[in-house]
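input-v7.cif follows; it contains mmCIF, C-alpha atoms.
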```
data_work
#
loop_
_atom_site.label_atom_id
_atom_site.label_comp_id
_atom_site.auth_asym_id
_atom_site.auth_seq_id
_atom_site.Cartn_x
_atom_site.Cartn_y
_atom_site.Cartn_z
CA MET A 1167 -15.79 34.59 -113.21
CA PRO A 1168 -13.77 36.45 -115.84
CA LEU A 1169 -10.25 37.40 -114.87
CA SER A 1170 -10.49 40.64 -112.90
CA ARG A 1171 -8.49 43.68 -113.84
CA ARG A 1172 -6.27 43.29 -110.80
CA GLY A 1173 -5.76 39.64 -111.70
CA PHE A 1174 -4.97 40.73 -115.22
CA LEU A 1175 -2.35 43.15 -113.92
CA THR A 1176 -0.76 40.43 -111.81
CA ALA A 1177 -0.61 38.09 -114.78
CA SER A 1178 0.77 40.76 -117.08
CA ALA A 1179 3.62 41.54 -114.68
CA ALA A 1180 5.25 38.32 -115.85
CA ALA A 1181 5.56 39.66 -119.39
CA ALA A 1182 9.19 40.45 -120.24
CA VAL A 1183 8.40 42.92 -123.01
CA ALA A 1184 5.40 44.80 -124.31
CA PRO A 1185 3.61 44.50 -126.59
CA GLY A 1186 3.27 40.77 -126.55
CA PRO A 1187 1.45 37.99 -124.73
CA ALA A 1188 2.60 36.87 -121.30
CA THR A 1189 1.95 33.30 -122.39
CA ALA A 1190 0.64 32.88 -125.91
CA PRO A 1191 -1.76 29.98 -126.51
CA ALA A 1192 -0.17 27.05 -128.33
CA HIS A 1193 -2.23 27.58 -131.46
CA ALA A 1194 -1.16 31.24 -131.57
CA ARG A 1195 2.47 30.25 -131.89
CA THR A 1196 1.85 28.22 -135.05
CA ARG A 1197 -1.25 29.92 -136.48
CA PRO A 1198 -1.43 33.40 -134.95
CA PHE A 1199 -4.47 34.38 -137.02
CA GLY A 1200 -6.40 31.15 -136.54
CA ARG A 1201 -9.08 30.61 -139.16
CA TYR A 1202 -8.85 34.17 -140.44
CA GLY A 1203 -6.10 33.66 -142.99
CA SER A 1204 -2.71 35.38 -143.01
CA PRO A 1205 -0.80 37.98 -145.03
CA ALA A 1206 -0.15 35.20 -147.56
CA ARG A 1207 -3.83 34.16 -147.64
CA ARG A 1208 -5.94 37.22 -146.95
CA LEU A 1209 -9.62 36.87 -146.22
CA THR A 1210 -10.23 39.85 -148.48
CA PRO A 1211 -7.97 42.41 -150.16
CA GLY A 1212 -9.04 44.85 -147.43
CA THR A 1213 -7.93 42.64 -144.53
CA LEU A 1214 -4.84 43.58 -142.54
CA TYR A 1215 -3.06 41.41 -139.96
CA VAL A 1216 -1.56 42.56 -136.65
CA ASP A 1217 0.89 40.45 -134.64
CA PRO A 1218 3.32 41.68 -131.95
CA HIS A 1219 5.95 39.17 -133.11
CA GLY A 1220 6.13 40.36 -136.70
CA ARG A 1221 4.14 37.64 -138.44
CA GLY A 1222 1.52 40.06 -139.71
CA ASP A 1223 1.45 43.26 -141.70
CA PHE A 1224 1.97 45.36 -138.56
CA THR A 1225 3.10 44.90 -134.98
CA SER A 1226 0.81 47.57 -133.51
CA VAL A 1227 -2.92 48.14 -133.81
CA GLN A 1228 -2.54 51.87 -134.43
CA ALA A 1229 -0.15 51.27 -137.32
CA ALA A 1230 -2.73 48.99 -138.93
CA VAL A 1231 -5.53 51.52 -138.36
CA THR A 1232 -3.43 54.27 -139.94
CA ALA A 1233 -2.83 52.09 -143.01
CA ALA A 1234 -6.48 51.02 -143.27
CA THR A 1235 -7.75 54.05 -145.18
CA GLY A 1236 -11.24 54.28 -146.60
CA SER A 1237 -14.25 52.20 -145.62
CA GLY A 1238 -14.90 48.54 -144.90
CA ARG A 1239 -11.45 47.47 -143.75
CA THR A 1240 -10.86 44.49 -141.43
CA LEU A 1241 -8.11 44.05 -138.84
CA VAL A 1242 -7.35 40.52 -137.65
CA ILE A 1243 -5.41 40.83 -134.39
CA ALA A 1244 -3.24 37.96 -133.14
CA PRO A 1245 -3.02 37.10 -129.44
CA GLY A 1246 -0.83 39.58 -127.61
CA ARG A 1247 -0.74 42.49 -125.22
CA TYR A 1248 -0.64 45.70 -127.22
CA ARG A 1249 0.49 48.55 -124.97
CA GLU A 1250 -0.50 51.62 -126.95
CA THR A 1251 -3.22 54.16 -127.49
CA VAL A 1252 -5.38 53.70 -130.57
CA ALA A 1253 -7.66 56.17 -132.38
CA VAL A 1254 -10.05 55.37 -135.23
CA ASP A 1255 -11.03 58.63 -136.89
CA ALA A 1256 -14.44 59.35 -138.39
CA GLY A 1257 -13.30 58.65 -141.96
CA ARG A 1258 -12.52 54.97 -141.35
CA THR A 1259 -16.12 53.79 -141.49
CA GLU A 1260 -17.44 50.21 -141.41
CA MET A 1261 -14.22 48.91 -139.85
CA THR A 1262 -14.09 45.50 -138.14
CA TRP A 1263 -11.58 44.27 -135.57
CA ILE A 1264 -11.38 40.52 -134.91
CA GLY A 1265 -9.52 38.93 -132.02
CA ALA A 1266 -8.07 35.96 -133.89
CA SER A 1267 -8.31 33.37 -131.10
CA GLY A 1268 -12.00 33.90 -130.38
CA ASN A 1269 -11.13 34.54 -126.70
CA PRO A 1270 -11.03 38.19 -125.58
CA ARG A 1271 -8.47 37.41 -122.88
CA ASP A 1272 -5.90 36.66 -125.57
CA VAL A 1273 -6.01 40.05 -127.32
CA VAL A 1274 -5.51 42.99 -124.94
CA ILE A 1275 -5.17 46.63 -125.95
CA VAL A 1276 -3.99 48.51 -122.85
CA HIS A 1277 -2.46 51.79 -121.75
CA ASP A 1278 -2.23 53.82 -118.54
CA ASN A 1279 -3.24 57.45 -119.00
CA ALA A 1280 -5.61 59.18 -116.58
CA ALA A 1281 -7.41 62.50 -116.84
CA GLY A 1282 -4.77 64.06 -114.61
CA THR A 1283 -1.77 62.51 -116.34
CA PRO A 1284 0.55 65.25 -117.66
CA LYS A 1285 0.89 65.49 -121.43
CA PRO A 1286 4.34 65.89 -122.98
CA GLY A 1287 3.44 69.30 -124.41
CA GLY A 1288 1.89 70.61 -121.21
CA GLY A 1289 -1.46 70.30 -119.52
CA THR A 1290 -3.20 67.03 -118.75
CA HIS A 1291 -5.09 64.49 -120.83
CA GLY A 1292 -8.57 65.06 -119.44
CA THR A 1293 -11.17 62.30 -119.34
CA SER A 1294 -11.57 61.89 -123.11
CA GLY A 1295 -7.84 62.12 -123.71
CA SER A 1296 -7.16 59.36 -121.19
CA ALA A 1297 -8.83 56.73 -123.39
CA THR A 1298 -6.72 53.76 -124.41
CA THR A 1299 -8.89 53.30 -127.51
CA THR A 1300 -11.09 55.94 -129.13
CA VAL A 1301 -13.52 55.07 -131.94
CA ARG A 1302 -15.12 57.99 -133.80
CA ALA A 1303 -16.11 56.14 -136.97
CA ASP A 1304 -19.59 54.90 -137.81
CA GLY A 1305 -20.20 51.21 -138.45
CA PHE A 1306 -17.39 49.93 -136.22
CA THR A 1307 -17.45 46.31 -134.99
CA ALA A 1308 -15.13 44.57 -132.52
CA ARG A 1309 -15.18 40.90 -131.56
CA TRP A 1310 -13.24 39.03 -128.87
CA ILE A 1311 -11.02 41.92 -127.74
CA THR A 1312 -10.12 43.32 -124.31
CA PHE A 1313 -9.90 47.11 -123.98
CA ALA A 1314 -8.11 48.09 -120.77
CA ASN A 1315 -6.72 51.04 -118.87
CA ASP A 1316 -4.39 49.88 -116.10
CA TRP A 1317 -3.78 53.26 -114.45
CA LEU A 1318 -4.09 52.86 -110.66
CA ARG A 1319 -4.85 55.52 -108.05
CA ALA A 1320 -2.53 53.88 -105.54
CA ASP A 1321 0.43 54.41 -107.85
CA HIS A 1322 -0.29 58.13 -108.33
CA PRO A 1323 -1.47 59.68 -105.03
CA ASP A 1324 -0.59 63.15 -106.35
CA VAL A 1325 -3.03 62.93 -109.30
CA THR A 1326 -6.56 64.20 -108.64
CA GLY A 1327 -8.00 63.52 -112.11
CA THR A 1328 -8.49 59.77 -111.64
CA GLN A 1329 -10.78 59.10 -114.60
CA ALA A 1330 -9.04 56.52 -116.81
CA VAL A 1331 -11.03 55.38 -119.86
CA ALA A 1332 -10.44 52.02 -121.53
CA LEU A 1333 -12.72 52.64 -124.53
CA LYS A 1334 -14.43 55.77 -125.80
CA ALA A 1335 -16.96 54.95 -128.52
CA GLN A 1336 -18.65 57.83 -130.36
CA GLY A 1337 -19.74 56.49 -133.73
CA ASP A 1338 -23.22 55.43 -134.80
CA ARG A 1339 -23.79 51.69 -135.28
CA GLY A 1340 -20.91 50.61 -133.06
CA ALA A 1341 -21.10 46.92 -132.11
CA PHE A 1342 -18.96 45.21 -129.47
CA LEU A 1343 -19.41 41.47 -129.24
CA HIS A 1344 -17.78 39.23 -126.63
CA CYS A 1345 -15.46 42.04 -125.56
CA ARG A 1346 -14.06 43.04 -122.17
CA PHE A 1347 -13.63 46.54 -120.74
CA LEU A 1348 -11.25 46.76 -117.78
CA GLY A 1349 -10.57 49.83 -115.67
CA HIS A 1350 -11.55 51.61 -112.48
CA GLN A 1351 -13.13 55.05 -112.92
CA ASP A 1352 -14.90 55.77 -116.24
CA THR A 1353 -13.97 52.46 -117.86
CA LEU A 1354 -16.43 52.45 -120.78
CA TYR A 1355 -17.39 55.78 -122.35
CA ALA A 1356 -20.42 55.05 -124.56
CA ASP A 1357 -20.89 58.46 -126.11
CA SER A 1358 -21.73 60.39 -129.28
CA PRO A 1359 -19.72 62.93 -131.30
CA ALA A 1360 -22.09 65.85 -130.60
CA LEU A 1361 -25.13 66.75 -128.53
CA SER A 1362 -27.34 66.67 -131.60
CA VAL A 1363 -26.15 63.20 -132.71
CA PHE A 1364 -27.92 60.19 -131.22
CA ALA A 1365 -25.24 57.55 -131.80
CA ARG A 1366 -26.46 53.95 -131.47
CA GLN A 1367 -24.28 51.26 -129.91
CA TYR A 1368 -24.78 47.58 -129.16
CA TYR A 1369 -22.85 45.55 -126.59
CA ALA A 1370 -23.55 41.82 -126.45
CA HIS A 1371 -22.02 39.15 -124.19
CA CYS A 1372 -19.51 41.70 -122.89
CA TYR A 1373 -17.84 42.13 -119.51
CA ALA A 1374 -17.15 45.53 -117.91
CA GLU A 1375 -15.66 46.28 -114.54
CA GLY A 1376 -14.76 49.33 -112.51
CA ASP A 1377 -15.77 51.44 -109.54
CA VAL A 1378 -16.85 55.05 -110.26
CA ASP A 1379 -19.29 55.70 -113.13
CA PHE A 1380 -17.64 52.92 -115.08
CA VAL A 1381 -20.27 52.85 -117.84
CA PHE A 1382 -21.11 56.42 -118.80
CA GLY A 1383 -21.94 58.82 -121.65
CA ARG A 1384 -24.77 60.00 -123.89
CA ALA A 1385 -25.04 57.25 -126.51
CA THR A 1386 -28.21 55.32 -127.28
CA ALA A 1387 -26.76 52.00 -126.11
CA VAL A 1388 -28.12 48.50 -125.63
CA PHE A 1389 -26.25 46.14 -123.31
CA GLU A 1390 -27.55 42.61 -123.87
CA HIS A 1391 -26.37 39.58 -121.88
CA CYS A 1392 -23.57 41.70 -120.39
CA HIS A 1393 -21.81 41.21 -117.06
CA PHE A 1394 -20.94 44.26 -114.94
CA HIS A 1395 -18.57 43.76 -112.01
CA THR A 1396 -17.87 46.31 -109.28
CA LEU A 1397 -14.42 46.35 -107.69
CA ASN A 1398 -13.54 46.50 -104.04
CA ARG A 1399 -11.98 49.68 -102.68
CA THR A 1400 -9.62 49.75 -99.74
CA ASP A 1401 -9.08 53.52 -100.06
CA LEU A 1402 -12.57 54.38 -98.80
CA ALA A 1403 -13.84 54.03 -95.25
CA ALA A 1404 -17.53 53.96 -96.10
CA ALA A 1405 -20.02 53.39 -98.89
CA PRO A 1406 -20.84 54.24 -101.57
CA TYR A 1407 -17.76 52.87 -103.28
CA GLY A 1408 -19.04 53.83 -106.70
CA PHE A 1409 -21.75 53.67 -109.35
CA VAL A 1410 -22.19 51.24 -112.22
CA PHE A 1411 -23.90 53.60 -114.70
CA ALA A 1412 -23.74 57.36 -115.24
CA PRO A 1413 -25.72 58.18 -118.40
CA SER A 1414 -25.77 61.73 -119.76
CA THR A 1415 -28.53 61.37 -122.36
CA ALA A 1416 -29.51 64.54 -124.21
CA ALA A 1417 -33.01 65.73 -123.34
CA ALA A 1418 -34.07 65.50 -127.00
CA ASN A 1419 -32.96 61.87 -127.24
CA PRO A 1420 -35.85 59.50 -126.42
CA ARG A 1421 -33.52 56.59 -125.68
CA GLY A 1422 -30.45 56.35 -123.48
CA TYR A 1423 -29.00 53.18 -121.94
CA LEU A 1424 -30.93 49.90 -122.01
CA VAL A 1425 -29.63 46.90 -120.05
CA VAL A 1426 -31.32 43.62 -120.96
CA ARG A 1427 -30.80 40.15 -119.48
CA GLY A 1428 -27.54 41.10 -117.80
CA ARG A 1429 -26.04 40.63 -114.35
CA VAL A 1430 -24.23 42.79 -111.84
CA THR A 1431 -21.76 41.19 -109.44
CA SER A 1432 -19.38 42.71 -106.92
CA GLY A 1433 -16.01 42.19 -105.29
CA ALA A 1434 -16.99 44.69 -102.58
CA PRO A 1435 -19.06 44.22 -99.43
CA ASP A 1436 -22.83 44.07 -99.73
CA ALA A 1437 -24.72 47.26 -100.59
CA CYS A 1438 -21.56 49.29 -101.18
CA TYR A 1439 -22.47 50.28 -104.74
CA LYS A 1440 -25.26 52.29 -106.31
CA LEU A 1441 -26.71 51.07 -109.57
CA ALA A 1442 -26.57 54.53 -111.16
CA ARG A 1443 -26.40 58.27 -110.83
CA PRO A 1444 -27.29 60.84 -113.51
CA TRP A 1445 -24.53 62.81 -115.18
CA VAL A 1446 -25.60 66.27 -116.31
CA PRO A 1447 -22.34 67.68 -117.71
CA SER A 1448 -21.51 71.37 -117.87
CA SER A 1449 -21.47 71.04 -121.67
CA ASP A 1450 -25.16 70.05 -121.62
CA PRO A 1451 -26.95 71.42 -118.55
CA THR A 1452 -30.33 70.41 -120.02
CA ALA A 1453 -29.44 66.70 -120.27
CA ARG A 1454 -32.00 64.20 -118.95
CA PRO A 1455 -30.06 60.98 -118.31
CA MET A 1456 -31.92 57.80 -119.20
CA LEU A 1457 -31.30 54.25 -117.96
CA THR A 1458 -33.59 51.24 -118.14
CA VAL A 1459 -32.46 48.00 -116.50
CA ARG A 1460 -34.68 45.01 -117.17
CA ASP A 1461 -34.66 41.22 -116.72
CA THR A 1462 -31.27 41.56 -115.04
CA ARG A 1463 -29.84 39.94 -111.91
CA LEU A 1464 -28.52 42.44 -109.40
CA GLY A 1465 -26.23 40.89 -106.81
CA PRO A 1466 -25.91 41.90 -103.15
CA GLY A 1467 -23.26 44.51 -103.96
CA ILE A 1468 -26.03 46.89 -105.10
CA ASP A 1469 -27.76 48.97 -102.43
CA ALA A 1470 -31.32 47.70 -102.76
CA VAL A 1471 -32.79 50.34 -100.44
CA ALA A 1472 -31.37 53.31 -102.37
CA PRO A 1473 -29.91 52.13 -105.70
CA TYR A 1474 -29.81 55.63 -107.23
CA THR A 1475 -28.22 58.85 -106.02
CA ASP A 1476 -27.48 62.35 -107.29
CA MET A 1477 -24.26 63.45 -108.91
CA SER A 1478 -25.36 67.05 -108.36
CA ALA A 1479 -28.03 68.39 -106.05
CA ALA A 1480 -29.18 70.64 -108.91
CA HIS A 1481 -30.16 67.58 -110.94
CA PRO A 1482 -31.83 65.02 -108.65
CA TRP A 1483 -32.09 61.50 -109.98
CA GLN A 1484 -35.87 61.56 -109.49
CA ASP A 1485 -36.12 64.16 -112.28
CA GLN A 1486 -34.31 61.92 -114.75
CA ARG A 1487 -35.42 58.87 -116.71
CA PHE A 1488 -34.46 55.88 -114.58
CA ALA A 1489 -36.56 52.72 -114.58
CA GLU A 1490 -36.44 48.97 -113.93
CA TYR A 1491 -38.49 45.97 -114.93
CA ARG A 1492 -38.55 42.38 -113.67
CA ASN A 1493 -35.06 42.43 -112.21
CA SER A 1494 -34.00 39.72 -109.77
CA GLY A 1495 -31.43 39.08 -107.06
CA PRO A 1496 -30.86 40.65 -103.65
CA GLY A 1497 -29.82 43.97 -105.18
CA ALA A 1498 -33.18 44.23 -106.96
CA ALA A 1499 -35.41 43.86 -103.90
CA VAL A 1500 -38.04 46.61 -103.78
CA THR A 1501 -38.03 47.67 -100.14
CA VAL A 1502 -38.69 51.39 -100.69
CA PRO A 1503 -40.91 51.62 -103.79
CA GLU A 1504 -40.34 55.33 -104.39
CA ASN A 1505 -36.62 54.62 -104.74
CA ARG A 1506 -37.12 52.07 -107.51
CA PRO A 1507 -39.24 53.32 -110.44
CA GLN A 1508 -40.74 50.36 -112.30
CA LEU A 1509 -42.01 50.11 -115.87
CA THR A 1510 -45.52 48.87 -116.48
CA ASP A 1511 -45.96 45.89 -118.77
CA GLU A 1512 -47.13 48.24 -121.50
CA GLN A 1513 -44.06 50.46 -121.12
CA ALA A 1514 -41.75 47.45 -121.05
CA ALA A 1515 -43.11 46.30 -124.40
CA SER A 1516 -41.36 49.32 -125.94
CA ALA A 1517 -38.12 48.91 -123.98
CA THR A 1518 -36.45 46.51 -126.40
CA ARG A 1519 -33.34 46.41 -128.53
CA ALA A 1520 -35.45 46.69 -131.69
CA VAL A 1521 -37.11 49.90 -130.53
CA TRP A 1522 -33.84 51.33 -129.21
CA LEU A 1523 -31.81 50.66 -132.37
CA GLY A 1524 -34.46 51.04 -135.07
CA ASP A 1525 -33.48 49.91 -138.56
CA TRP A 1526 -30.06 48.70 -137.37
CA THR A 1527 -30.07 45.02 -136.31
CA PRO A 1528 -26.51 44.13 -135.25
CA TRP A 1529 -27.59 40.91 -133.55
CA GLU A 1530 -28.48 39.34 -136.90
CA GLY A 1531 -25.84 37.18 -138.56
CA ARG A 1532 -23.40 37.44 -135.65
#
```

Please express what this file holds, its structure, as structure tokens.
Amino acid sequence: MPLSRRGFLTASAAAAVAPGPATAPAHARTRPFGRYGSPARRLTPGTLYVDPHGRGDFTSVQAAVTAATGSGRTLVIAPGRYRETVAVDAGRTEMTWIGASGNPRDVVIVHDNAAGTPKPGGGTHGTSGSATTTVRADGFTARWITFANDWLRADHPDVTGTQAVALKAQGDRGAFLHCRFLGHQDTLYADSPALSVFARQYYAHCYAEGDVDFVFGRATAVFEHCHFHTLNRTDLAAAPYGFVFAPSTAAANPRGYLVVRGRVTSGAPDACYKLARPWVPSSDPTARPMLTVRDTRLGPGIDAVAPYTDMSAAHPWQDQRFAEYRNSGPGAAVTVPENRPQLTDEQAASATRAVWLGDWTPWEGR
């Protein structure tokens, strides 16, 4: 199983300074950018190199993003732990980030803001402002990178705003391949820049973990061959401990979240997690959250009897667009049929990545 966020925190405690790897792989010490060139041998004139030990163009990811003006720039990121917040604005389109080792555990972008964390100028960050990495640009691609938020409730008992986002993605055509998303509440914010914009996103062979609503937002998003892991909670006396998905799809958007050929595992006792609950935010009271989970293994951590619940009594989950198809595992057992809406074969034929993403085919040539 991938290194859990708590295991990651334990390992990172051995690091003497940040940013920088706790223990850099041997190849990273001699060839920090692997097969992706170097400042002396750039892949393209638009390629920039990031290394925490000074062997690249920049030692921080944000510094490289700031320098990468225009469209079509590439960042090759050497193994290391980059403790910073990073923002890619809407003007930096078609940007690509590459974790140079090909292993997402080696390249970690991490920070520790929560929604209730005070800001230097007054006020608090809020959920969106808590994000370690925010991507607003269209055409963004990331490969082999870990996005993490290591803020912990136990360390801040006085903070009530416990949402702590690792990645907020808002752009259209955002692809995340072989990436990890580590956090607790609101880990992965798959969103769009405005209610009227149906941003498309594609997550393939990724790993996401958390506890409360840890994959959430209003994007049109496909999660293919992804692993979702729910964390144990010792601060709660009873279930539910949390919810894997909390989509907030706009009513006018025909496609919300689609999970295909994935798996859901848990570090918590059996049946302590719900698969999803609908998020109808105050900014969009007409939202009709949409989630389709198909051909996916649901472990015993999911409450098979009642896998869905309400976030608000005013917007019951039964009025939303939740459906399943050919799922397996103990968490997928249909014991109360009215609690588990199922697609027909005809409906399932249209619940595919091609239909969801239209003329954009990010799985080709990857």

**Message:** the PyMOL selection byres ((chain A and resi 1427) around 12) - which residues does that actually catch in the file I just gave you? List them as an MDAnalysis selection string.
**Reply:** chainID A and resid 1369:1372 1388:1394 1424:1426 1428:1430 1458:1464 1490:1494 1518:1519

**Asked** So which residues get picked by the PyMOL selection byres ((chain A and resi 1440-1449) around 10) here, written as a ChimeraX atom specification?
**Response** /A:1361,1378-1384,1396,1405-1416,1430,1437-1439,1450-1457,1459,1464,1467-1478,1480-1488,1497-1498

**Output of the PyMOL selection byres ((chain A and resi 1269) around 9), listed as a list in words** =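 Checked against the file, the PyMOL selection byres ((chain A and resi 1269) around 9) matches Pro1245, Gly1265, Ala1266, Ser1267, Gly1268, Pro1270, Arg1271, Asp1272, Val1273, Arg1309, Trp1310, Ile1311, His1344 and Cys1345 of chain A.
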
**Prompt:** Just how far from atom CA of Leu1354 of chain A is atom CA of Thr1213 of chain A, in Å to one decimal?
**Reply:**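 Rounded to one decimal, the two atoms are 27.1 Å apart.
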
**Prompt:** Pick from A:Leu1402, A:Thr1293, A:Ala1330, A:Thr1431: nearest to Gly1495 of chain A, with all atoms listed in the file counted?
**Reply:** A:Thr1431

**Asked** Between A:Gly1433, A:Gly1220, A:Gly1305, A:Gly1289, which one has atoms that come closest to Glu1375 of chain A, using all atoms listed in the file?
**Response**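 Result for the nearest residue to Glu1375 of chain A: A:Gly1433.
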
**Asked** With all atoms listed in the file as the basis for distance, which of A:Asp1223, A:Asp1401, A:Asp1321, A:Asp1357 is at the shortest distance from Ala1335 of chain A?
**Response**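 Of A:Asp1223, A:Asp1401, A:Asp1321, A:Asp1357, the one nearest Ala1335 of chain A, counting all atoms listed in the file, is A:Asp1357.
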